[in-house]
Amino acid sequence: MLVWILFLLCQVGAPALAQDLCQRDAPNGYKVRISLKTALGEDAYEWNQSEMFFFQATMAFAMRRHFQMETYNVDNIILCVQTSRVSFWFVVTSPDNTTMLIPKADVEKAVRMSRHRINNAFLLSDRTLEFLGIYPTLAAPVNPDTPPWLIVFGVVIGAVCAGIIALLVSSLLQKRRKEKGMTEDGQDEEDMQVKGVENGINLDGTYNRGFTDDDRFTKL
Amino acid sequence: MRLQLPNPGLEDRILSHEELDKLETEEAGSGDRPKWDNKTQYMLTCVGFCVGLGNVWRFPYLCQSHGGGAFMIPFLILLVLEGVPLLHLEFAIGQRLRKGSLGVWSTIHPYLAGVGIASMFVSLMISLYYNTIMAWVMWYLFNSFQETLPWSQCPLNYNLTGLVSECEQSSPVDYFWYRETLNSTPDIGENGGLQWWMVLCLVSAWAVLYICIIRGIETTGKAVYVTSTLPYVVLSIFLIRGLTLKGSLSGVVFLFTPNLTELTNPTTWLDAGAQVFYSFSIAFGGLISFSSYNSVHNNCEQDAVIISAVNGFTSVYAATVIYTIIGFRATERFDNCLGGNILVLLNTFDLPEGNVTESNYDQVLQSLNGTHPEVIQGLNLKTCDLNTFLSEGVEGTGLAFIVFTEAITKMPVSPVWSVLFFIMLFCLGLSSMFGNIEGVLVPLQDLGVFPKSWPKEAIAGTTCVLCCLVGLIFVQGSGNYWLSLFDSYGGSIPLLIIAFCEMVGVVYLYGIDRFNDDIEFMIGHKPNLFWQITWRFVSPAIMFVIFVFYFITKVQETPMYKAWNPESENFPTLEEKEYPTWIFVIIFILAGIPGLSVPLTAIYKCLRNRCCKKDNEFKQDDLNTIAKQVHLTDEATKNKPDIPETADGR
């Protein structure tokens, strides 16, 4: 009889006890905030009791995954203070003793380990499914061996240097060709004479053809 | 009644019209003086020289801050009264006298050689720092070839727990510009050492410039086909892209909304005049050089008008494009600001999503303020105003490297837009550099600084290497501060002095009558009344007024600079600091030396003339007859038989 009364009390008391365990600003609880419209826009689903049950199941999975020995169940995840935002608080009780709460740190570890799975279960992301107090781990930066800008720099500088060398070489060849052309025929010697260079003195002025040796130019 | 200052010996120094015609027909093929391959090259080079970074990042800011559409009025008026006449003058005098800037002014009057030397100094100072800006553009260009642009997110700190604090407090674009690009020191006195990555970019900027000027206008003329046309293509692409972005039209509307009361403010007219003047790259000497390679009968009047029109049009076009993107960025920021506030409200009061939207934000805020005033106060909501974001008036490097790059990160396929934008900036700057370097190289050759046996490749190469070495000042930690110093003082006042001297020199020393005749000879008709009035009175007057006001403003204000100091109180905002006293020496060198070289050279030449007057008298006795030549020859051979260069002296 006494056992039966105790049993009844437990049935009634358990939810009440559960309510005491889970409350706003509970020391071992976390607040969850969900932004469905921001994440999914038109395709946002409705947040109802089934979704809450799904959340409980996902959290139980996360706890099982982390601890691996203990079998957590949906009943071990207690939710409360639900608002229309959508936000709510939850606490996790131990499977062995339903009055004992799992400490905050352990819950955090479990959530961090399975964060990606939890997000995907709800089609949300780190930003739209927030566990207030558990900051998302930042993605490790991808550090390539050579910075990409150095590669582009190398290409540009290589092309420019090749161009400079090509242009310099072609000018050099052009010059050499010109010089060769000048020394080969004695054309320039005659030009110099016509312009009036005598004894190496270059005279500035109009050359008077009256003084030319015409015989050289007239062909008979 | 024409005012003409005495100018003896002018006839002997210049080629007469008949000689010019002979030169034209005879030396059609000789490679003594370089020539343009075709008119297009010449026009593109001049357009490229005039259209530069200023059109993209100075004009839009001026337009927006001086009353939007109303700014067009002073700008266009001063363009017509100041820009076009000066341009025509430089083109005509270069084409007529067929020499670079130093040669032209020495020819007009030996005492005026100082103007050419001043032009050379100014071109040199500007080349030094302008190519550093090119180096910055190249750095950003090299960094754009990545999927996530490095300035789109903050890097993580050392132990990967969070973002770097300097970046968190400011923004990723600011951090990338001030820390990862410039590695800016907090003070101009601390030089911070050479930043190796910027040294590499500086070297590559000078290398690209060298390859384009290696053979003078032969290579430059080919390069301008790309560098002068590509910016227009890219601007058009950006315009189309910009107009399809949200909020772009609000940017354009903001830019052009006229505020006619600004026209009564003298600063507006002053800024418009200064912008026209600097935008036309007058008084650098480059334009004179370029037009001296033209054929004698080229229509320089038409060229001047066309290039002025193109320059003005480009300024307005670029401003429109820039402001579509700025409008987009401002709208984006506004949306984020408002969205953030809404989220805070939703989270604090646990309201369902969608209850507070942009449209009912104000009402909801008011009602909540009525019911829970203390909570609202504690939230520290930001005020979001679109106009504040739009008038975050940025100009200069801030516009290109901070505001625009941020806008690009928000556009889809950002790397493509980034590459396009920085290629456009690079082309704009490179084509201006061609003119600057021309204004340095040709006077150096005329002064005989380099031995005559050196080919032009060697001269250009040496100049580039030396400028690169001096330019290492600008790639230190404090380089940015040095650059703004050079920009404010090296390029402003001396140019005004030179332009004023140019006008006075041509109109009153060379003689407006002779100038009119020359133009009639070159293009077939005398310049009309508009040119006469502007050359003789209007443009010099405008130059003088701008110079006086500029001088007074610069002298009155205490020179300050804005420093990036993470330790300062209002950190992300730049800290205004005063220059240390030793900077004034540098300022004097920058602004004073080019300006003073005009009178100093005149005095030097005058003294030299007086003390060595005997030689000059002998020279001036030249009579151009055969008999005299023969007589002189005999005299020469009799008296000085073993000196080969008898008649070589000029």
# chains A, B, ... in the order shown; residues from 1 in each chain; ligands from 1

$ closest_atom_pairs --of "chain A" --to "chain B" --cutoff "6 Å" --atoms "only C-alpha atoms" --output "CSV"
residue,atom,partner,partner_atom,distance
A:Ser84,CA,B:Pro352,CA,5.0
A:Arg85,CA,B:Pro352,CA,3.9
A:Trp149,CA,B:Phe142,CA,4.7
A:Val152,CA,B:Phe142,CA,5.7
A:Ile164,CA,B:Ile211,CA,5.6
A:Ile201,CA,B:Pro644,CA,5.4

$ residues_around --residues "B:Val413" --least-positions-apart "2" --cutoff "12 Å" --atoms "only C-alpha atoms" --output "list in words"
Ser144, Phe145, Gln146, Glu147, Thr148, Leu149, Arg241, Ile408, Thr409, Lys410, Met411, Pro415, Val416, Trp417, Ser418, Val419 and Leu420 of chain B

$ residues_around --residues "stretch 550-564 of chain B" --least-positions-apart "6" --cutoff "7 Å" --atoms "only C-alpha atoms" --output "ChimeraX atom specification"
/B:184,186-187,574-579

$ residues_around --residues "stretch 293-310 of chain B" --least-positions-apart "4" --cutoff "9 Å" --atoms "only C-alpha atoms" --output "PyMOL selection string"
chain B and resi 20-21+24+33-36+39+42-43+46-47+50-51+79-80+83-89+91-92+94-96+98-99+280+289+314-315+519+521-524+527

$ write_last_selection --atoms "N, CA and C atoms" --output "short mmCIF file (atom, residue, chain, number, x, y, z; two decimals), in the first residue's frame"
data_model
loop_
_atom_site.label_atom_id
_atom_site.label_comp_id
_atom_site.auth_asym_id
_atom_site.auth_seq_id
_atom_site.Cartn_x
_atom_site.Cartn_y
_atom_site.Cartn_z
N LEU B 20 60.12 74.86 -91.12
CA LEU B 20 59.26 73.82 -90.57
C LEU B 20 58.67 72.96 -91.69
N ASP B 21 58.21 73.64 -92.73
CA ASP B 21 57.64 72.88 -93.85
C ASP B 21 58.66 71.98 -94.48
N GLU B 24 59.26 69.03 -92.45
CA GLU B 24 58.13 68.11 -92.57
C GLU B 24 58.30 67.19 -93.76
N ARG B 33 63.97 62.58 -84.76
CA ARG B 33 63.01 62.90 -83.72
C ARG B 33 61.90 61.85 -83.81
N PRO B 34 61.47 61.31 -82.67
CA PRO B 34 60.43 60.28 -82.74
C PRO B 34 59.14 60.87 -83.30
N LYS B 35 58.35 60.01 -83.91
CA LYS B 35 57.06 60.45 -84.43
C LYS B 35 55.99 59.47 -84.03
N TRP B 36 54.77 59.93 -83.98
CA TRP B 36 53.64 59.04 -83.72
C TRP B 36 53.35 58.22 -84.96
N LYS B 39 47.53 59.21 -85.73
CA LYS B 39 46.89 60.20 -84.87
C LYS B 39 46.25 59.54 -83.65
N TYR B 42 48.48 59.22 -80.68
CA TYR B 42 48.69 60.51 -80.02
C TYR B 42 47.49 60.87 -79.15
N MET B 43 46.29 60.71 -79.73
CA MET B 43 45.09 61.07 -78.98
C MET B 43 44.92 60.17 -77.76
N CYS B 46 47.38 61.16 -75.03
CA CYS B 46 46.98 62.38 -74.31
C CYS B 46 45.77 62.11 -73.42
N VAL B 47 44.80 61.38 -73.96
CA VAL B 47 43.63 61.05 -73.14
C VAL B 47 44.06 60.26 -71.92
N CYS B 50 45.67 62.55 -69.35
CA CYS B 50 44.73 63.42 -68.64
C CYS B 50 43.80 62.60 -67.75
N VAL B 51 43.27 61.53 -68.28
CA VAL B 51 42.33 60.72 -67.50
C VAL B 51 43.14 59.83 -66.57
N LEU B 79 36.11 74.40 -66.77
CA LEU B 79 36.70 73.55 -67.79
C LEU B 79 36.87 74.34 -69.08
N VAL B 80 35.83 75.07 -69.44
CA VAL B 80 35.86 75.82 -70.69
C VAL B 80 36.80 77.03 -70.58
N GLY B 83 40.60 75.07 -68.54
CA GLY B 83 41.21 73.83 -69.02
C GLY B 83 41.52 73.86 -70.50
N VAL B 84 40.50 74.16 -71.29
CA VAL B 84 40.67 74.09 -72.74
C VAL B 84 41.74 75.08 -73.25
N PRO B 85 41.72 76.36 -72.81
CA PRO B 85 42.76 77.27 -73.30
C PRO B 85 44.18 76.82 -72.95
N LEU B 86 44.36 76.37 -71.68
CA LEU B 86 45.70 75.94 -71.29
C LEU B 86 46.16 74.76 -72.13
N LEU B 87 45.21 73.84 -72.37
CA LEU B 87 45.55 72.65 -73.14
C LEU B 87 45.95 73.04 -74.56
N HIS B 88 45.16 73.91 -75.17
CA HIS B 88 45.44 74.35 -76.53
C HIS B 88 46.80 75.02 -76.59
N LEU B 89 47.07 75.85 -75.58
CA LEU B 89 48.34 76.54 -75.54
C LEU B 89 49.50 75.57 -75.53
N PHE B 91 49.59 72.36 -76.40
CA PHE B 91 49.68 71.61 -77.64
C PHE B 91 50.31 72.46 -78.74
N ALA B 92 49.83 73.70 -78.86
CA ALA B 92 50.28 74.54 -79.96
C ALA B 92 51.76 74.87 -79.82
N GLY B 94 54.09 73.27 -78.22
CA GLY B 94 54.93 72.08 -78.43
C GLY B 94 55.05 71.73 -79.89
N GLN B 95 53.90 71.80 -80.57
CA GLN B 95 53.90 71.46 -81.98
C GLN B 95 54.71 72.47 -82.80
N ARG B 96 54.68 73.71 -82.39
CA ARG B 96 55.36 74.76 -83.14
C ARG B 96 56.86 74.71 -82.93
N ARG B 98 58.64 72.26 -81.47
CA ARG B 98 59.14 70.92 -81.68
C ARG B 98 60.25 70.55 -80.70
N LYS B 99 60.01 70.85 -79.45
CA LYS B 99 60.97 70.43 -78.43
C LYS B 99 60.20 70.04 -77.20
N PHE B 280 43.79 67.99 -65.85
CA PHE B 280 44.30 68.10 -67.21
C PHE B 280 45.79 67.86 -67.31
N SER B 289 55.75 67.74 -74.74
CA SER B 289 56.59 66.73 -75.41
C SER B 289 55.80 65.93 -76.41
N THR B 314 34.55 61.70 -68.97
CA THR B 314 35.03 60.57 -68.17
C THR B 314 34.82 60.82 -66.69
N SER B 315 35.06 62.07 -66.25
CA SER B 315 34.86 62.37 -64.83
C SER B 315 33.43 62.08 -64.42
N ILE B 519 49.79 79.65 -85.23
CA ILE B 519 48.64 78.74 -85.26
C ILE B 519 47.97 78.81 -86.63
N PHE B 521 49.47 79.35 -89.36
CA PHE B 521 50.32 78.57 -90.26
C PHE B 521 50.08 77.07 -90.07
N MET B 522 49.90 76.68 -88.80
CA MET B 522 49.80 75.25 -88.52
C MET B 522 48.44 74.68 -88.90
N ILE B 523 47.37 75.37 -88.50
CA ILE B 523 46.06 74.75 -88.73
C ILE B 523 45.21 75.45 -89.76
N GLY B 524 45.66 76.56 -90.26
CA GLY B 524 44.96 77.16 -91.40
C GLY B 524 44.09 78.35 -91.08
N PRO B 527 43.32 81.77 -84.44
CA PRO B 527 42.45 81.44 -83.30
C PRO B 527 41.46 82.56 -83.06
#

$ residues_around --residues "A:Tyr72" --least-positions-apart "6" --cutoff "6 Å" --atoms "only C-alpha atoms" --output "list in words"
Ala60, Arg64 and Pro95 of chain A

$ select_by_dssp --residues "stretch 76-133 of chain A" --states "strand (DSSP E or B)" --output "list of chain:residue names"
A:Ile77, A:Ile78, A:Leu79, A:Cys80, A:Val81, A:Gln82, A:Thr83, A:Ser87, A:Phe88, A:Trp89, A:Phe90, A:Val91, A:Val92, A:Thr93, A:Leu101, A:Leu129, A:Glu130, A:Phe131, A:Leu132

$ decode --residues "stretch 279-293 of chain B" --atoms "all heavy atoms" --output "PDB file, in the first residue's frame"
ATOM      1  N   SER B 279      43.387  67.822 -63.136  1.00  0.00           N
ATOM      2  CA  SER B 279      42.904  66.724 -63.941  1.00  0.00           C
ATOM      3  C   SER B 279      43.487  66.780 -65.353  1.00  0.00           C
ATOM      4  O   SER B 279      43.686  65.737 -65.981  1.00  0.00           O
ATOM      5  CB  SER B 279      41.375  66.786 -63.989  1.00  0.00           C
ATOM      6  OG  SER B 279      40.894  65.985 -64.991  1.00  0.00           O
ATOM      7  N   PHE B 280      43.794  67.995 -65.849  1.00  0.00           N
ATOM      8  CA  PHE B 280      44.300  68.098 -67.207  1.00  0.00           C
ATOM      9  C   PHE B 280      45.792  67.859 -67.314  1.00  0.00           C
ATOM     10  O   PHE B 280      46.348  67.936 -68.409  1.00  0.00           O
ATOM     11  CB  PHE B 280      43.969  69.475 -67.783  1.00  0.00           C
ATOM     12  CG  PHE B 280      42.605  69.531 -68.379  1.00  0.00           C
ATOM     13  CD1 PHE B 280      41.489  69.637 -67.576  1.00  0.00           C
ATOM     14  CD2 PHE B 280      42.428  69.452 -69.745  1.00  0.00           C
ATOM     15  CE1 PHE B 280      40.231  69.677 -68.125  1.00  0.00           C
ATOM     16  CE2 PHE B 280      41.172  69.493 -70.302  1.00  0.00           C
ATOM     17  CZ  PHE B 280      40.074  69.617 -69.493  1.00  0.00           C
ATOM     18  N   SER B 281      46.462  67.586 -66.190  1.00  0.00           N
ATOM     19  CA  SER B 281      47.902  67.315 -66.206  1.00  0.00           C
ATOM     20  C   SER B 281      48.649  68.393 -66.970  1.00  0.00           C
ATOM     21  O   SER B 281      49.562  68.124 -67.747  1.00  0.00           O
ATOM     22  CB  SER B 281      48.207  65.957 -66.854  1.00  0.00           C
ATOM     23  OG  SER B 281      47.433  64.969 -66.284  1.00  0.00           O
ATOM     24  N   ILE B 282      48.284  69.643 -66.721  1.00  0.00           N
ATOM     25  CA  ILE B 282      48.958  70.760 -67.373  1.00  0.00           C
ATOM     26  C   ILE B 282      50.203  71.077 -66.562  1.00  0.00           C
ATOM     27  O   ILE B 282      50.263  70.764 -65.386  1.00  0.00           O
ATOM     28  CB  ILE B 282      48.009  71.972 -67.393  1.00  0.00           C
ATOM     29  CG1 ILE B 282      46.806  71.614 -68.251  1.00  0.00           C
ATOM     30  CG2 ILE B 282      48.685  73.191 -67.956  1.00  0.00           C
ATOM     31  CD1 ILE B 282      45.683  72.608 -68.123  1.00  0.00           C
ATOM     32  N   ALA B 283      51.162  71.703 -67.166  1.00  0.00           N
ATOM     33  CA  ALA B 283      52.386  72.169 -66.504  1.00  0.00           C
ATOM     34  C   ALA B 283      53.313  71.036 -66.093  1.00  0.00           C
ATOM     35  O   ALA B 283      54.299  71.264 -65.412  1.00  0.00           O
ATOM     36  CB  ALA B 283      52.071  73.033 -65.277  1.00  0.00           C
ATOM     37  N   PHE B 284      53.005  69.792 -66.528  1.00  0.00           N
ATOM     38  CA  PHE B 284      53.947  68.712 -66.254  1.00  0.00           C
ATOM     39  C   PHE B 284      55.026  68.652 -67.319  1.00  0.00           C
ATOM     40  O   PHE B 284      56.062  68.050 -67.117  1.00  0.00           O
ATOM     41  CB  PHE B 284      53.215  67.368 -66.258  1.00  0.00           C
ATOM     42  CG  PHE B 284      52.488  67.095 -64.993  1.00  0.00           C
ATOM     43  CD1 PHE B 284      51.322  67.749 -64.687  1.00  0.00           C
ATOM     44  CD2 PHE B 284      52.971  66.154 -64.108  1.00  0.00           C
ATOM     45  CE1 PHE B 284      50.640  67.473 -63.522  1.00  0.00           C
ATOM     46  CE2 PHE B 284      52.292  65.864 -62.947  1.00  0.00           C
ATOM     47  CZ  PHE B 284      51.124  66.532 -62.653  1.00  0.00           C
ATOM     48  N   GLY B 285      54.740  69.220 -68.481  1.00  0.00           N
ATOM     49  CA  GLY B 285      55.711  69.149 -69.561  1.00  0.00           C
ATOM     50  C   GLY B 285      55.486  67.973 -70.484  1.00  0.00           C
ATOM     51  O   GLY B 285      55.982  67.938 -71.593  1.00  0.00           O
ATOM     52  N   GLY B 286      54.704  67.005 -70.015  1.00  0.00           N
ATOM     53  CA  GLY B 286      54.476  65.807 -70.820  1.00  0.00           C
ATOM     54  C   GLY B 286      53.680  66.106 -72.076  1.00  0.00           C
ATOM     55  O   GLY B 286      53.982  65.611 -73.159  1.00  0.00           O
ATOM     56  N   LEU B 287      52.662  66.964 -71.931  1.00  0.00           N
ATOM     57  CA  LEU B 287      51.808  67.266 -73.084  1.00  0.00           C
ATOM     58  C   LEU B 287      52.583  68.023 -74.149  1.00  0.00           C
ATOM     59  O   LEU B 287      52.390  67.786 -75.348  1.00  0.00           O
ATOM     60  CB  LEU B 287      50.602  68.094 -72.637  1.00  0.00           C
ATOM     61  CG  LEU B 287      49.571  67.327 -71.835  1.00  0.00           C
ATOM     62  CD1 LEU B 287      48.521  68.274 -71.293  1.00  0.00           C
ATOM     63  CD2 LEU B 287      48.915  66.265 -72.687  1.00  0.00           C
ATOM     64  N   ILE B 288      53.465  68.923 -73.710  1.00  0.00           N
ATOM     65  CA  ILE B 288      54.284  69.659 -74.684  1.00  0.00           C
ATOM     66  C   ILE B 288      55.142  68.676 -75.469  1.00  0.00           C
ATOM     67  O   ILE B 288      55.239  68.742 -76.695  1.00  0.00           O
ATOM     68  CB  ILE B 288      55.162  70.710 -73.978  1.00  0.00           C
ATOM     69  CG1 ILE B 288      54.284  71.716 -73.247  1.00  0.00           C
ATOM     70  CG2 ILE B 288      56.061  71.409 -74.977  1.00  0.00           C
ATOM     71  CD1 ILE B 288      55.050  72.824 -72.574  1.00  0.00           C
ATOM     72  N   SER B 289      55.753  67.740 -74.742  1.00  0.00           N
ATOM     73  CA  SER B 289      56.589  66.730 -75.405  1.00  0.00           C
ATOM     74  C   SER B 289      55.798  65.930 -76.411  1.00  0.00           C
ATOM     75  O   SER B 289      56.214  65.742 -77.550  1.00  0.00           O
ATOM     76  CB  SER B 289      57.122  65.737 -74.369  1.00  0.00           C
ATOM     77  OG  SER B 289      58.340  66.105 -73.882  1.00  0.00           O
ATOM     78  N   PHE B 290      54.650  65.463 -75.986  1.00  0.00           N
ATOM     79  CA  PHE B 290      53.856  64.600 -76.862  1.00  0.00           C
ATOM     80  C   PHE B 290      53.438  65.334 -78.125  1.00  0.00           C
ATOM     81  O   PHE B 290      53.483  64.771 -79.217  1.00  0.00           O
ATOM     82  CB  PHE B 290      52.611  64.088 -76.124  1.00  0.00           C
ATOM     83  CG  PHE B 290      52.898  63.034 -75.102  1.00  0.00           C
ATOM     84  CD1 PHE B 290      52.138  62.955 -73.952  1.00  0.00           C
ATOM     85  CD2 PHE B 290      53.914  62.098 -75.284  1.00  0.00           C
ATOM     86  CE1 PHE B 290      52.392  61.974 -73.000  1.00  0.00           C
ATOM     87  CE2 PHE B 290      54.177  61.122 -74.339  1.00  0.00           C
ATOM     88  CZ  PHE B 290      53.405  61.068 -73.194  1.00  0.00           C
ATOM     89  N   SER B 291      53.045  66.590 -77.975  1.00  0.00           N
ATOM     90  CA  SER B 291      52.585  67.277 -79.191  1.00  0.00           C
ATOM     91  C   SER B 291      53.756  67.694 -80.068  1.00  0.00           C
ATOM     92  O   SER B 291      53.568  67.981 -81.242  1.00  0.00           O
ATOM     93  CB  SER B 291      51.718  68.478 -78.843  1.00  0.00           C
ATOM     94  OG  SER B 291      52.438  69.385 -78.089  1.00  0.00           O
ATOM     95  N   SER B 292      54.986  67.698 -79.516  1.00  0.00           N
ATOM     96  CA  SER B 292      56.119  68.060 -80.355  1.00  0.00           C
ATOM     97  C   SER B 292      56.475  66.948 -81.333  1.00  0.00           C
ATOM     98  O   SER B 292      57.211  67.168 -82.284  1.00  0.00           O
ATOM     99  CB  SER B 292      57.348  68.392 -79.505  1.00  0.00           C
ATOM    100  OG  SER B 292      57.843  67.226 -78.916  1.00  0.00           O
ATOM    101  N   TYR B 293      55.936  65.744 -81.070  1.00  0.00           N
ATOM    102  CA  TYR B 293      56.208  64.660 -82.003  1.00  0.00           C
ATOM    103  C   TYR B 293      55.200  64.621 -83.137  1.00  0.00           C
ATOM    104  O   TYR B 293      55.252  63.743 -83.997  1.00  0.00           O
ATOM    105  CB  TYR B 293      56.176  63.298 -81.274  1.00  0.00           C
ATOM    106  CG  TYR B 293      57.117  63.188 -80.101  1.00  0.00           C
ATOM    107  CD1 TYR B 293      56.674  62.660 -78.903  1.00  0.00           C
ATOM    108  CD2 TYR B 293      58.434  63.590 -80.190  1.00  0.00           C
ATOM    109  CE1 TYR B 293      57.520  62.545 -77.821  1.00  0.00           C
ATOM    110  CE2 TYR B 293      59.290  63.481 -79.112  1.00  0.00           C
ATOM    111  CZ  TYR B 293      58.824  62.962 -77.931  1.00  0.00           C
ATOM    112  OH  TYR B 293      59.664  62.849 -76.860  1.00  0.00           O
TER     113      TYR B 293
END
